[in-house]
$ cat query-v7.tsv   # TSV, C-alpha atoms and all ligand atoms
chain	number	residue	atom	x	y	z
A	2	MET	CA	0.00	0.00	0.00
A	3	GLU	CA	1.17	3.54	-0.64
A	4	ASN	CA	1.03	4.38	3.06
A	5	GLY	CA	4.76	4.45	3.83
A	6	SER	CA	4.50	5.65	7.41
A	7	VAL	CA	2.67	2.58	8.73
A	8	GLU	CA	5.13	0.24	7.14
A	9	ASN	CA	7.74	0.72	9.81
A	10	SER	CA	5.58	1.33	12.84
A	11	GLY	CA	3.99	-2.10	12.61
A	12	LEU	CA	7.08	-4.19	12.01
A	13	GLU	CA	7.33	-5.27	15.63
A	14	GLY	CA	3.91	-6.86	15.55
A	15	PRO	CA	0.90	-5.49	17.40
A	16	GLN	CA	0.69	-5.59	21.19
A	17	SER	CA	-3.09	-5.67	21.35
A	18	VAL	CA	-6.22	-6.21	19.30
A	19	GLY	CA	-6.91	-2.49	19.44
A	20	GLU	CA	-3.48	-1.66	18.10
A	21	LEU	CA	-3.88	-4.13	15.25
A	22	THR	CA	-7.29	-2.70	14.37
A	23	GLU	CA	-5.77	0.79	14.20
A	24	THR	CA	-2.81	-0.36	12.11
A	25	LEU	CA	-5.16	-2.06	9.64
A	26	ARG	CA	-7.28	1.07	9.47
A	27	GLN	CA	-4.21	3.10	8.57
A	28	GLY	CA	-3.60	0.57	5.82
A	29	GLY	CA	-7.14	1.18	4.52
A	30	TYR	CA	-8.84	-1.87	5.99
A	31	LEU	CA	-11.63	-1.78	8.54
A	32	ALA	CA	-11.69	-4.96	10.59
A	33	ASP	CA	-14.35	-5.61	13.18
A	34	ARG	CA	-13.38	-6.84	16.62
A	35	GLY	CA	-13.85	-10.53	15.83
A	36	LEU	CA	-11.65	-10.45	12.74
A	37	ALA	CA	-9.00	-8.31	14.42
A	38	THR	CA	-8.92	-10.70	17.38
A	39	ALA	CA	-8.53	-13.74	15.14
A	40	LEU	CA	-5.71	-12.04	13.22
A	41	PHE	CA	-4.02	-10.94	16.42
A	42	VAL	CA	-4.03	-14.49	17.77
A	43	ALA	CA	-2.90	-15.93	14.41
A	44	LEU	CA	0.03	-13.53	14.34
A	45	SER	CA	0.99	-13.96	17.98
A	46	LEU	CA	0.62	-17.74	18.24
A	47	ASN	CA	1.71	-18.64	14.70
A	48	ARG	CA	-1.59	-20.20	13.76
A	49	PRO	CA	-2.96	-20.22	10.21
A	50	ILE	CA	-6.25	-18.39	9.87
A	51	LEU	CA	-9.10	-19.56	7.66
A	52	LEU	CA	-11.44	-16.85	6.42
A	53	GLU	CA	-14.74	-17.89	4.97
A	54	GLY	CA	-17.43	-15.53	3.82
A	55	GLU	CA	-19.64	-14.13	1.12
A	56	VAL	CA	-18.17	-12.99	-2.18
A	57	GLY	CA	-16.37	-9.65	-2.11
A	58	VAL	CA	-16.36	-9.01	1.62
A	59	GLY	CA	-12.62	-8.41	2.02
A	60	LYS	CA	-11.18	-11.89	2.64
A	61	THR	CA	-8.32	-11.57	0.17
A	62	GLU	CA	-7.78	-7.90	0.86
A	63	VAL	CA	-7.10	-8.37	4.56
A	64	ALA	CA	-4.13	-10.62	3.78
A	65	LYS	CA	-2.75	-8.03	1.38
A	66	VAL	CA	-3.15	-5.25	3.92
A	67	MET	CA	-1.59	-7.34	6.70
A	68	ALA	CA	1.48	-7.80	4.49
A	69	SER	CA	1.66	-4.16	3.60
A	70	VAL	CA	1.26	-2.72	7.10
A	71	PHE	CA	3.79	-5.08	8.65
A	72	GLY	CA	6.31	-4.68	5.85
A	73	ARG	CA	6.08	-8.36	4.95
A	74	LYS	CA	6.17	-9.88	1.53
A	75	LEU	CA	2.82	-11.09	0.23
A	76	ILE	CA	3.14	-14.56	-1.26
A	77	ARG	CA	-0.03	-15.71	-2.96
A	78	LEU	CA	-1.01	-19.22	-3.82
A	79	GLN	CA	-4.12	-18.97	-5.96
A	80	CYS	CA	-5.96	-22.29	-5.86
A	81	TYR	CA	-7.93	-23.67	-8.77
A	82	GLU	CA	-9.40	-26.93	-9.91
A	83	GLY	CA	-6.59	-29.31	-10.78
A	84	ILE	CA	-3.79	-27.42	-9.03
A	85	ASP	CA	-1.05	-29.87	-8.11
A	86	THR	CA	1.85	-29.94	-5.73
A	87	ASN	CA	4.43	-28.92	-8.35
A	88	GLN	CA	2.65	-25.68	-8.97
A	89	ALA	CA	2.54	-25.01	-5.26
A	90	LEU	CA	6.01	-26.14	-4.14
A	91	TYR	CA	8.74	-26.05	-6.74
A	92	GLU	CA	9.55	-27.17	-10.25
A	93	TRP	CA	12.74	-27.87	-12.11
A	94	ASP	CA	13.51	-25.33	-14.79
A	95	TYR	CA	13.35	-27.80	-17.63
A	96	ALA	CA	14.19	-25.33	-20.38
A	97	ARG	CA	17.32	-24.09	-18.61
A	98	GLN	CA	18.37	-27.63	-17.83
A	99	MET	CA	18.14	-28.48	-21.53
A	100	LEU	CA	20.21	-25.45	-22.51
A	101	HIS	CA	22.76	-26.37	-19.92
A	102	ILE	CA	22.95	-29.93	-21.17
A	103	ARG	CA	23.49	-28.69	-24.69
A	104	ALA	CA	26.28	-26.35	-23.53
A	105	LEU	CA	27.87	-29.22	-21.65
A	106	SER	CA	27.84	-31.51	-24.64
A	107	GLU	CA	29.26	-28.81	-26.91
A	108	HIS	CA	32.19	-28.51	-24.54
A	109	GLN	CA	32.27	-32.23	-24.17
A	110	VAL	CA	31.95	-32.01	-20.41
A	111	ALA	CA	30.33	-35.09	-19.01
A	112	ASP	CA	31.57	-35.54	-15.46
A	113	ALA	CA	29.09	-36.69	-12.85
A	114	ASP	CA	29.38	-33.40	-11.00
A	115	ALA	CA	28.08	-31.41	-13.94
A	116	VAL	CA	25.08	-33.68	-14.17
A	117	ASP	CA	24.41	-33.37	-10.43
A	118	LYS	CA	24.38	-29.62	-10.76
A	119	LEU	CA	21.42	-29.96	-13.09
A	120	PHE	CA	19.39	-30.65	-9.98
A	121	GLY	CA	20.92	-27.94	-7.86
A	122	PRO	CA	19.52	-24.66	-6.56
A	123	LYS	CA	20.33	-22.87	-9.81
A	124	PHE	CA	17.71	-24.84	-11.70
A	125	LEU	CA	15.06	-24.85	-9.02
A	126	LEU	CA	11.98	-22.74	-9.63
A	127	GLU	CA	10.45	-21.65	-6.35
A	128	ARG	CA	6.70	-21.78	-6.20
A	129	PRO	CA	4.67	-20.04	-3.48
A	130	LEU	CA	4.92	-22.64	-0.69
A	131	LEU	CA	8.67	-23.05	-0.95
A	132	GLU	CA	9.08	-19.33	-1.21
A	133	ALA	CA	6.98	-18.88	1.92
A	134	VAL	CA	8.88	-21.49	3.91
A	135	ARG	CA	12.12	-19.76	2.98
A	136	ALA	CA	10.80	-16.29	3.77
A	137	GLY	CA	9.40	-17.42	7.14
A	138	ASP	CA	8.03	-14.60	9.28
A	139	GLN	CA	9.05	-12.03	6.69
A	140	ALA	CA	6.04	-13.10	4.65
A	141	VAL	CA	2.29	-13.37	4.63
A	142	LEU	CA	1.25	-16.50	2.78
A	143	LEU	CA	-2.17	-16.09	1.18
A	144	ILE	CA	-3.69	-19.40	0.14
A	145	ASP	CA	-6.59	-18.00	-1.79
A	146	GLU	CA	-9.83	-19.84	-2.58
A	147	ILE	CA	-8.76	-23.17	-1.16
A	148	ASP	CA	-12.26	-24.54	-1.76
A	149	ARG	CA	-11.47	-24.60	-5.49
A	150	ALA	CA	-8.62	-27.07	-5.09
A	151	ASP	CA	-9.43	-30.75	-4.69
A	152	ASP	CA	-9.23	-33.05	-1.68
A	153	GLU	CA	-5.75	-34.38	-2.34
A	154	PHE	CA	-4.34	-30.92	-2.57
A	155	GLU	CA	-5.98	-30.01	0.71
A	156	ALA	CA	-4.42	-33.03	2.38
A	157	PHE	CA	-1.03	-32.06	1.02
A	158	LEU	CA	-1.45	-28.50	2.29
A	159	LEU	CA	-2.30	-29.83	5.69
A	160	GLU	CA	1.07	-31.55	5.79
A	161	VAL	CA	2.96	-28.41	4.82
A	162	LEU	CA	1.04	-26.30	7.32
A	163	SER	CA	1.72	-28.69	10.16
A	164	ASP	CA	5.52	-28.45	10.16
A	165	PHE	CA	6.51	-25.84	7.61
A	166	GLN	CA	9.10	-28.09	6.24
A	167	ILE	CA	9.62	-29.08	2.63
A	168	SER	CA	11.99	-31.79	1.57
A	169	ILE	CA	13.46	-31.71	-1.92
A	170	PRO	CA	15.16	-35.07	-2.56
A	171	GLU	CA	17.95	-33.58	-4.68
A	172	ILE	CA	18.71	-30.68	-2.40
A	173	GLY	CA	17.61	-31.41	1.13
A	174	THR	CA	15.10	-30.15	3.63
A	175	VAL	CA	14.04	-26.54	3.85
A	176	LYS	CA	12.46	-25.47	7.11
A	177	ALA	CA	11.04	-22.15	8.26
A	178	ALA	CA	12.77	-20.80	11.37
A	179	SER	CA	9.53	-19.11	12.27
A	180	PRO	CA	6.53	-19.64	10.05
A	181	PRO	CA	4.88	-16.98	7.91
A	182	LEU	CA	1.44	-15.66	8.74
A	183	VAL	CA	-0.84	-17.96	6.75
A	184	VAL	CA	-4.23	-16.69	5.59
A	185	LEU	CA	-6.51	-19.17	3.82
A	186	THR	CA	-9.70	-18.02	2.18
A	187	SER	CA	-12.73	-19.94	1.01
A	188	ASN	CA	-16.02	-19.01	-0.63
A	189	ARG	CA	-17.52	-22.25	0.63
A	190	THR	CA	-18.24	-23.73	-2.77
A	191	ARG	CA	-17.51	-26.97	-0.94
A	192	GLU	CA	-17.04	-27.97	2.66
A	193	LEU	CA	-13.40	-28.13	3.78
A	194	HIS	CA	-12.08	-31.06	5.77
A	195	ASP	CA	-12.25	-31.01	9.53
A	196	ALA	CA	-8.54	-31.77	9.76
A	197	LEU	CA	-7.68	-28.57	7.92
A	198	LYS	CA	-10.16	-26.54	9.91
A	199	ARG	CA	-8.83	-27.93	13.16
A	200	ARG	CA	-5.38	-26.69	12.30
A	201	CYS	CA	-6.63	-23.17	11.63
A	202	LEU	CA	-8.30	-20.38	13.49
A	203	TYR	CA	-11.61	-19.76	11.82
A	204	HIS	CA	-13.42	-16.55	11.11
A	205	TRP	CA	-16.55	-15.93	9.09
A	206	ILE	CA	-16.77	-12.56	7.32
A	207	GLY	CA	-20.35	-11.57	6.60
A	208	TYR	CA	-21.67	-8.42	4.98
A	209	PRO	CA	-20.94	-5.37	7.09
A	210	ALA	CA	-23.71	-3.38	8.75
A	211	ALA	CA	-24.78	-0.27	6.86
A	212	GLU	CA	-22.78	2.28	8.87
A	213	ARG	CA	-19.67	0.15	8.67
A	214	GLU	CA	-20.10	-0.25	4.92
A	215	VAL	CA	-20.38	3.51	4.51
A	216	GLU	CA	-17.10	3.86	6.42
A	217	ILE	CA	-15.47	1.28	4.16
A	218	VAL	CA	-16.60	3.15	1.02
A	219	LEU	CA	-15.24	6.41	2.42
A	220	ILE	CA	-11.88	4.96	3.46
A	221	ARG	CA	-11.47	3.36	0.01
A	222	GLU	CA	-12.84	6.26	-2.02
A	223	PRO	CA	-12.16	9.40	0.00
A	224	GLY	CA	-13.43	11.56	-2.87
A	225	VAL	CA	-16.99	10.25	-2.59
A	226	SER	CA	-19.35	12.34	-0.46
A	227	ALA	CA	-20.75	10.79	2.70
A	228	ALA	CA	-24.27	11.51	1.45
A	229	LEU	CA	-23.73	9.56	-1.79
A	230	ALA	CA	-22.01	6.73	0.09
A	231	ARG	CA	-25.00	6.39	2.41
A	232	LYS	CA	-27.44	6.26	-0.51
A	233	VAL	CA	-25.43	3.66	-2.36
A	234	VAL	CA	-25.03	1.52	0.75
A	235	ALA	CA	-28.77	1.68	1.50
A	236	ALA	CA	-29.53	0.51	-2.03
A	237	VAL	CA	-26.95	-2.27	-1.97
A	238	GLN	CA	-28.19	-3.53	1.38
A	239	ARG	CA	-31.67	-3.66	-0.13
A	240	LEU	CA	-30.30	-5.57	-3.13
A	241	ARG	CA	-28.88	-8.19	-0.79
A	242	GLU	CA	-32.35	-8.83	0.58
A	243	LEU	CA	-33.63	-9.72	-2.88
A	244	ASP	CA	-33.19	-13.27	-4.00
A	245	LEU	CA	-30.33	-12.60	-6.42
A	246	ALA	CA	-28.06	-15.23	-7.92
A	247	LYS	CA	-25.08	-12.95	-7.33
A	248	PRO	CA	-25.69	-10.59	-4.45
A	249	PRO	CA	-23.32	-7.61	-4.50
A	250	GLY	CA	-20.30	-7.64	-2.18
A	251	VAL	CA	-18.52	-4.70	-0.61
A	252	ALA	CA	-16.34	-4.47	-3.71
A	253	GLU	CA	-19.48	-3.74	-5.78
A	254	THR	CA	-20.65	-1.10	-3.32
A	255	ILE	CA	-17.32	0.69	-3.64
A	256	ASP	CA	-17.42	0.35	-7.42
A	257	TRP	CA	-20.91	1.76	-7.68
A	258	ALA	CA	-20.10	4.73	-5.45
A	259	ARG	CA	-16.93	5.41	-7.45
A	260	THR	CA	-18.80	5.17	-10.76
A	261	LEU	CA	-21.59	7.52	-9.67
A	262	ASP	CA	-19.09	9.98	-8.25
A	263	PHE	CA	-17.05	9.87	-11.45
A	264	LEU	CA	-20.17	10.67	-13.48
A	265	GLY	CA	-20.97	13.57	-11.19
A	266	GLU	CA	-24.18	12.00	-9.87
A	267	ALA	CA	-25.18	13.09	-6.39
A	268	ASP	CA	-27.82	10.40	-5.88
A	269	LEU	CA	-29.40	7.33	-7.46
A	270	ALA	CA	-31.86	9.19	-9.71
A	271	ASN	CA	-30.22	7.67	-12.81
A	272	ALA	CA	-29.32	4.39	-11.15
A	273	GLN	CA	-30.30	2.18	-14.08
A	274	ASP	CA	-27.45	3.58	-16.18
A	275	THR	CA	-24.81	2.45	-13.71
A	276	LEU	CA	-26.28	-0.86	-12.53
A	277	GLY	CA	-23.45	-2.63	-14.33
A	278	ALA	CA	-21.23	-1.73	-11.39
A	279	VAL	CA	-23.32	-3.79	-8.95
A	280	VAL	CA	-25.48	-6.28	-10.82
A	281	LYS	CA	-23.50	-8.72	-12.91
A	282	ASP	CA	-26.02	-11.34	-13.87
A	283	ARG	CA	-28.65	-11.00	-16.55
A	284	ASP	CA	-31.52	-12.56	-14.62
A	285	ASP	CA	-30.62	-10.54	-11.56
A	286	LEU	CA	-30.72	-7.41	-13.68
A	287	GLU	CA	-34.34	-8.07	-14.58
A	288	VAL	CA	-35.33	-8.55	-10.97
A	289	VAL	CA	-33.53	-5.38	-10.01
A	290	LEU	CA	-35.03	-3.31	-12.83
A	291	ASP	CA	-38.51	-4.45	-11.79
A	292	ASN	CA	-37.86	-3.18	-8.27
A	293	LEU	CA	-35.59	-0.26	-9.01
A	294	GLN	CA	-37.85	2.46	-7.72
A	295	GLU	CA	-38.24	0.76	-4.37
A	296	ILE	CA	-34.55	-0.12	-4.11
A	297	THR	CA	-33.24	3.35	-4.80
A	298	SER	CA	-35.80	5.24	-2.79
A	299	GLY	CA	-34.91	3.27	0.31
A	300	ALA	CA	-38.58	2.33	0.72
A	301	ARG	CA	-39.43	-0.89	2.51
A	302	GLY	CA	-41.63	-3.74	1.38
A	303	ALA	CA	-41.21	-6.24	-1.45
B	401	LIG	N1	-13.42	-4.24	5.77
B	401	LIG	C1	-12.95	-3.68	4.66
B	401	LIG	N2	-12.16	-2.61	4.72
B	401	LIG	C2	-11.68	-2.04	3.60
B	401	LIG	N3	-11.95	-2.45	2.36
B	401	LIG	C3	-12.75	-3.52	2.23
B	401	LIG	C4	-13.28	-4.20	3.36
B	401	LIG	N4	-14.04	-5.22	2.93
B	401	LIG	C5	-13.98	-5.19	1.60
B	401	LIG	N5	-13.21	-4.18	1.16
B	401	LIG	C6	-12.98	-3.83	-0.24
B	401	LIG	O1	-13.63	-4.77	-1.03
B	401	LIG	C7	-12.78	-5.21	-2.09
B	401	LIG	C8	-13.03	-6.67	-2.32
B	401	LIG	O2	-12.47	-7.42	-1.30
B	401	LIG	P1	-11.79	-8.83	-1.56
B	401	LIG	O3	-11.37	-8.97	-2.95
B	401	LIG	O4	-10.82	-9.03	-0.49
B	401	LIG	O5	-13.06	-9.76	-1.31
B	401	LIG	P2	-13.09	-11.34	-1.19
B	401	LIG	O6	-13.85	-11.60	0.04
B	401	LIG	O7	-11.73	-11.89	-1.32
B	401	LIG	O8	-13.97	-11.66	-2.45
B	401	LIG	P3	-13.99	-13.00	-3.34
B	401	LIG	O9	-14.81	-13.94	-2.57
B	401	LIG	O10	-14.67	-12.53	-4.60
B	401	LIG	O11	-12.58	-13.42	-3.56
B	401	LIG	C9	-11.37	-4.91	-1.64
B	401	LIG	O12	-10.58	-4.50	-2.70
B	401	LIG	C10	-11.54	-3.76	-0.68
B	401	LIG	O13	-11.42	-2.55	-1.39
B	402	MG	MG	-10.86	-13.15	-2.72
$ encode --input "query-v7.tsv" --output "structure tokens"
Amino acid sequence: MENGSVENSGLEGPQSVGELTETLRQGGYLADRGLATALFVALSLNRPILLEGEVGVGKTEVAKVMASVFGRKLIRLQCYEGIDTNQALYEWDYARQMLHIRALSEHQVADADAVDKLFGPKFLLERPLLEAVRAGDQAVLLIDEIDRADDEFEAFLLEVLSDFQISIPEIGTVKAASPPLVVLTSNRTRELHDALKRRCLYHWIGYPAAEREVEIVLIREPGVSAALARKVVAAVQRLRELDLAKPPGVAETIDWARTLDFLGEADLANAQDTLGAVVKDRDDLEVVLDNLQEITSGARGA
């Protein structure tokens, strides 16, 4: 984050939940007491933290901000269907190995040592988990959207998280002196295993209350007026009560406020023109258009 002043002040690690909350705020993130407490404990006791929640409620962002305010490196492992251990741990740089072999044969070097070197540190490509084990407490390891990876990958992660030790047959064992802060996120597209959950502190991030959401909009988009932020938040909170396929997250609220502000709109009188910032599903759009008057006027009732 651009906020250079906080970078140094937080390096020591927070002494209290209140201090952590304030540091995060300076980094542009508003954490409620429950989240701040979970993060404080995770940081102090070296426990991974699992964040589950609705879409776009700040799960990924909090890991980024933690890294930025404590001057740590953010190492991100983005999970997806079919991700395997090579992509998470390390790979051999096959192309460089081939070039090296060709150079060796041109110079007619063929001693055993030269071949051994092919599987030495020079040809090792670090992937996020190895990088994180090496960086230790200088890093925040974000394991994002773990629910997208499959069972086997989860089991493998569990192993890494339990001892922060990776053994590479050709090189040896790499172990973290003190582990990084590990933040796992999940959108709950599937249930995670109990074993993984047991290893982690758990925190559910729901949608923020209206006043808190207004604060979030204003801290993220300081140019937006408080009056506009309140109107947008009221409308978005109403949208979440409708039965939408893709209810808007906080990210959408911020986007909508930014869009309206950019267009010089002071309220939601022309809301239908900017709905693309909040409603991103065709069927949802129809539902919203049918109820637009009621949504934007803040009136109650279905
Ligand atoms: N408490 C908060 N304080 C500050 N900004 C927030 C907060 N919650 C959400 N945001 C904003 O919302 C945006 C979206 O958050 P983020 O991408 O972290 O959501 P997510 O929960 O990871 O969503 P997804 O499930 O889609 O991955 C962030 O860029 C940030 O600007
Ligand atoms: Mg995310």
$ closest_residue --input "query-v7.tsv" --among "A:Leu21, A:Leu286, A:Ala96, A:Ala267" --to "Ala227 (chain A)" --atoms "all atoms listed in the file"
A:Ala267
$ residues_near_ligand --input "query-v7.tsv" --ligand "ligand LIG 401 (chain B)" --cutoff "8 Å" --atoms "all atoms listed in the file" --output "VMD selection string"
chain A and resid 26 29 to 33 54 to 63 145 to 146 186 to 188 206 209 214 217 to 218 220 to 221 250 to 253 255
$ residues_around --input "query-v7.tsv" --residues "region 276-281 of chain A" --least-positions-apart "2" --cutoff "6 Å" --atoms "only C-alpha atoms" --output "CSV table (one decimal) with C-alpha atoms, in the coordinates of the input"
chain,number,residue,atom,x,y,z
A,249,PRO,CA,-23.3,-7.6,-4.5
A,253,GLU,CA,-19.5,-3.7,-5.8
A,256,ASP,CA,-17.4,0.4,-7.4
A,257,TRP,CA,-20.9,1.8,-7.7
A,273,GLN,CA,-30.3,2.2,-14.1
A,274,ASP,CA,-27.4,3.6,-16.2
$ residues_around --input "query-v7.tsv" --residues "region 152-167 of chain A" --least-positions-apart "4" --cutoff "12 Å" --atoms "all atoms listed in the file" --output "PyMOL selection string"
chain A and resi 47-50+78+80-91+127-138+142+144+146-148+171-185+191-201
$ closest_residue --input "query-v7.tsv" --among "A:Gln139, A:Gln79, A:Ser168, A:Ser226" --to "ligand MG 402 (chain B)" --atoms "all atoms listed in the file"
A:Gln79
$ residues_around --input "query-v7.tsv" --residues "Val215 (chain A)" --least-positions-apart "3" --cutoff "6 Å" --atoms "all atoms listed in the file" --output "list in words"
Glu212, Val218, Ala230 and Arg231 of chain A
$ closest_residue --input "query-v7.tsv" --among "A:Val70, A:Leu245, A:Leu40, A:Leu52" --to "ligand MG 402 (chain B)" --atoms "all atoms listed in the file"
A:Leu52
$ residues_around --input "query-v7.tsv" --residues "Gly19 (chain A)" --least-positions-apart "3" --cutoff "12 Å" --atoms "only C-alpha atoms" --output "list in words"
Pro15, Gln16, Thr22, Glu23, Thr24, Leu25, Arg26, Leu31, Ala32, Asp33, Arg34, Gly35, Leu36, Ala37, Thr38, Leu40 and Phe41 of chain A
$ closest_residue --input "query-v7.tsv" --among "A:Leu202, A:Leu269, A:Leu143, A:Leu229" --to "ligand MG 402 (chain B)" --atoms "all atoms listed in the file"
A:Leu143
$ residues_near_point --input "query-v7.tsv" --point "(-28.5, 0.2, -2.4)" --cutoff "9 Å" --atoms "all atoms listed in the file" --output "list in words"
Arg231, Lys232, Val233, Val234, Ala235, Ala236, Val237, Gln238, Arg239, Leu240, Arg241, Thr254, Leu269, Ile296, Thr297, Ser298 and Gly299 of chain A
$ atom_distance --input "query-v7.tsv" --atom1 "CA of Gln27 (chain A)" --atom2 "CA of Ala68 (chain A)"
13.0 Å
$ atom_distance --input "query-v7.tsv" --atom1 "CA of Asp94 (chain A)" --atom2 "CA of Arg77 (chain A)"
20.4 Å
$ atom_distance --input "query-v7.tsv" --atom1 "CA of Trp93 (chain A)" --atom2 "CA of Leu119 (chain A)"
9.0 Å
$ closest_residue --input "query-v7.tsv" --among "A:Arg149, A:His108, A:Arg259, A:Lys118" --to "ligand MG 402 (chain B)" --atoms "only C-alpha atoms and all ligand atoms"
A:Arg149
$ closest_residue --input "query-v7.tsv" --among "A:Glu53, A:Glu20, A:Glu13, A:Asp291" --to "ligand MG 402 (chain B)" --atoms "all atoms listed in the file"
A:Glu53
$ decode --input "query-v7.tsv" --residues "region 183-204 of chain A" --atoms "N, CA and C atoms" --output "PDB file, in the first residue's frame"
ATOM      1  N   VAL A 183      -0.124 -17.291   7.829  1.00  0.00           N
ATOM      2  CA  VAL A 183      -0.845 -17.960   6.745  1.00  0.00           C
ATOM      3  C   VAL A 183      -2.324 -17.584   6.795  1.00  0.00           C
ATOM      4  N   VAL A 184      -2.811 -17.031   5.698  1.00  0.00           N
ATOM      5  CA  VAL A 184      -4.228 -16.691   5.591  1.00  0.00           C
ATOM      6  C   VAL A 184      -4.836 -17.543   4.486  1.00  0.00           C
ATOM      7  N   LEU A 185      -5.796 -18.383   4.836  1.00  0.00           N
ATOM      8  CA  LEU A 185      -6.506 -19.172   3.824  1.00  0.00           C
ATOM      9  C   LEU A 185      -7.883 -18.550   3.634  1.00  0.00           C
ATOM     10  N   THR A 186      -8.350 -18.511   2.378  1.00  0.00           N
ATOM     11  CA  THR A 186      -9.705 -18.019   2.178  1.00  0.00           C
ATOM     12  C   THR A 186     -10.529 -19.068   1.442  1.00  0.00           C
ATOM     13  N   SER A 187     -11.821 -19.020   1.689  1.00  0.00           N
ATOM     14  CA  SER A 187     -12.731 -19.937   1.005  1.00  0.00           C
ATOM     15  C   SER A 187     -14.085 -19.263   0.798  1.00  0.00           C
ATOM     16  N   ASN A 188     -14.668 -19.513  -0.360  1.00  0.00           N
ATOM     17  CA  ASN A 188     -16.024 -19.013  -0.626  1.00  0.00           C
ATOM     18  C   ASN A 188     -17.067 -20.078  -0.330  1.00  0.00           C
ATOM     19  N   ARG A 189     -16.622 -21.164   0.238  1.00  0.00           N
ATOM     20  CA  ARG A 189     -17.521 -22.248   0.634  1.00  0.00           C
ATOM     21  C   ARG A 189     -18.261 -22.866  -0.533  1.00  0.00           C
ATOM     22  N   THR A 190     -17.597 -23.000  -1.669  1.00  0.00           N
ATOM     23  CA  THR A 190     -18.238 -23.728  -2.768  1.00  0.00           C
ATOM     24  C   THR A 190     -18.259 -25.213  -2.421  1.00  0.00           C
ATOM     25  N   ARG A 191     -17.391 -25.626  -1.503  1.00  0.00           N
ATOM     26  CA  ARG A 191     -17.505 -26.967  -0.941  1.00  0.00           C
ATOM     27  C   ARG A 191     -17.030 -26.901   0.506  1.00  0.00           C
ATOM     28  N   GLU A 192     -17.405 -27.904   1.250  1.00  0.00           N
ATOM     29  CA  GLU A 192     -17.038 -27.975   2.664  1.00  0.00           C
ATOM     30  C   GLU A 192     -15.568 -28.399   2.778  1.00  0.00           C
ATOM     31  N   LEU A 193     -14.796 -27.731   3.595  1.00  0.00           N
ATOM     32  CA  LEU A 193     -13.399 -28.133   3.780  1.00  0.00           C
ATOM     33  C   LEU A 193     -13.327 -29.233   4.836  1.00  0.00           C
ATOM     34  N   HIS A 194     -12.203 -29.949   4.817  1.00  0.00           N
ATOM     35  CA  HIS A 194     -12.078 -31.055   5.768  1.00  0.00           C
ATOM     36  C   HIS A 194     -11.876 -30.574   7.197  1.00  0.00           C
ATOM     37  N   ASP A 195     -12.391 -31.361   8.114  1.00  0.00           N
ATOM     38  CA  ASP A 195     -12.254 -31.011   9.525  1.00  0.00           C
ATOM     39  C   ASP A 195     -10.797 -30.882   9.929  1.00  0.00           C
ATOM     40  N   ALA A 196      -9.956 -31.774   9.368  1.00  0.00           N
ATOM     41  CA  ALA A 196      -8.542 -31.766   9.758  1.00  0.00           C
ATOM     42  C   ALA A 196      -7.898 -30.418   9.445  1.00  0.00           C
ATOM     43  N   LEU A 197      -8.240 -29.868   8.292  1.00  0.00           N
ATOM     44  CA  LEU A 197      -7.678 -28.573   7.920  1.00  0.00           C
ATOM     45  C   LEU A 197      -8.231 -27.488   8.837  1.00  0.00           C
ATOM     46  N   LYS A 198      -9.537 -27.550   9.058  1.00  0.00           N
ATOM     47  CA  LYS A 198     -10.163 -26.538   9.907  1.00  0.00           C
ATOM     48  C   LYS A 198      -9.591 -26.581  11.320  1.00  0.00           C
ATOM     49  N   ARG A 199      -9.341 -27.783  11.792  1.00  0.00           N
ATOM     50  CA  ARG A 199      -8.827 -27.925  13.158  1.00  0.00           C
ATOM     51  C   ARG A 199      -7.465 -27.251  13.314  1.00  0.00           C
ATOM     52  N   ARG A 200      -6.703 -27.276  12.241  1.00  0.00           N
ATOM     53  CA  ARG A 200      -5.376 -26.689  12.302  1.00  0.00           C
ATOM     54  C   ARG A 200      -5.418 -25.165  12.319  1.00  0.00           C
ATOM     55  N   CYS A 201      -6.548 -24.618  11.835  1.00  0.00           N
ATOM     56  CA  CYS A 201      -6.626 -23.169  11.630  1.00  0.00           C
ATOM     57  C   CYS A 201      -7.534 -22.491  12.655  1.00  0.00           C
ATOM     58  N   LEU A 202      -7.290 -21.200  12.843  1.00  0.00           N
ATOM     59  CA  LEU A 202      -8.295 -20.376  13.493  1.00  0.00           C
ATOM     60  C   LEU A 202      -9.325 -20.081  12.412  1.00  0.00           C
ATOM     61  N   TYR A 203     -10.563 -19.945  12.805  1.00  0.00           N
ATOM     62  CA  TYR A 203     -11.612 -19.764  11.817  1.00  0.00           C
ATOM     63  C   TYR A 203     -12.325 -18.441  12.047  1.00  0.00           C
ATOM     64  N   HIS A 204     -12.581 -17.746  10.961  1.00  0.00           N
ATOM     65  CA  HIS A 204     -13.416 -16.546  11.105  1.00  0.00           C
ATOM     66  C   HIS A 204     -14.318 -16.388   9.888  1.00  0.00           C
TER      67      HIS A 204
END
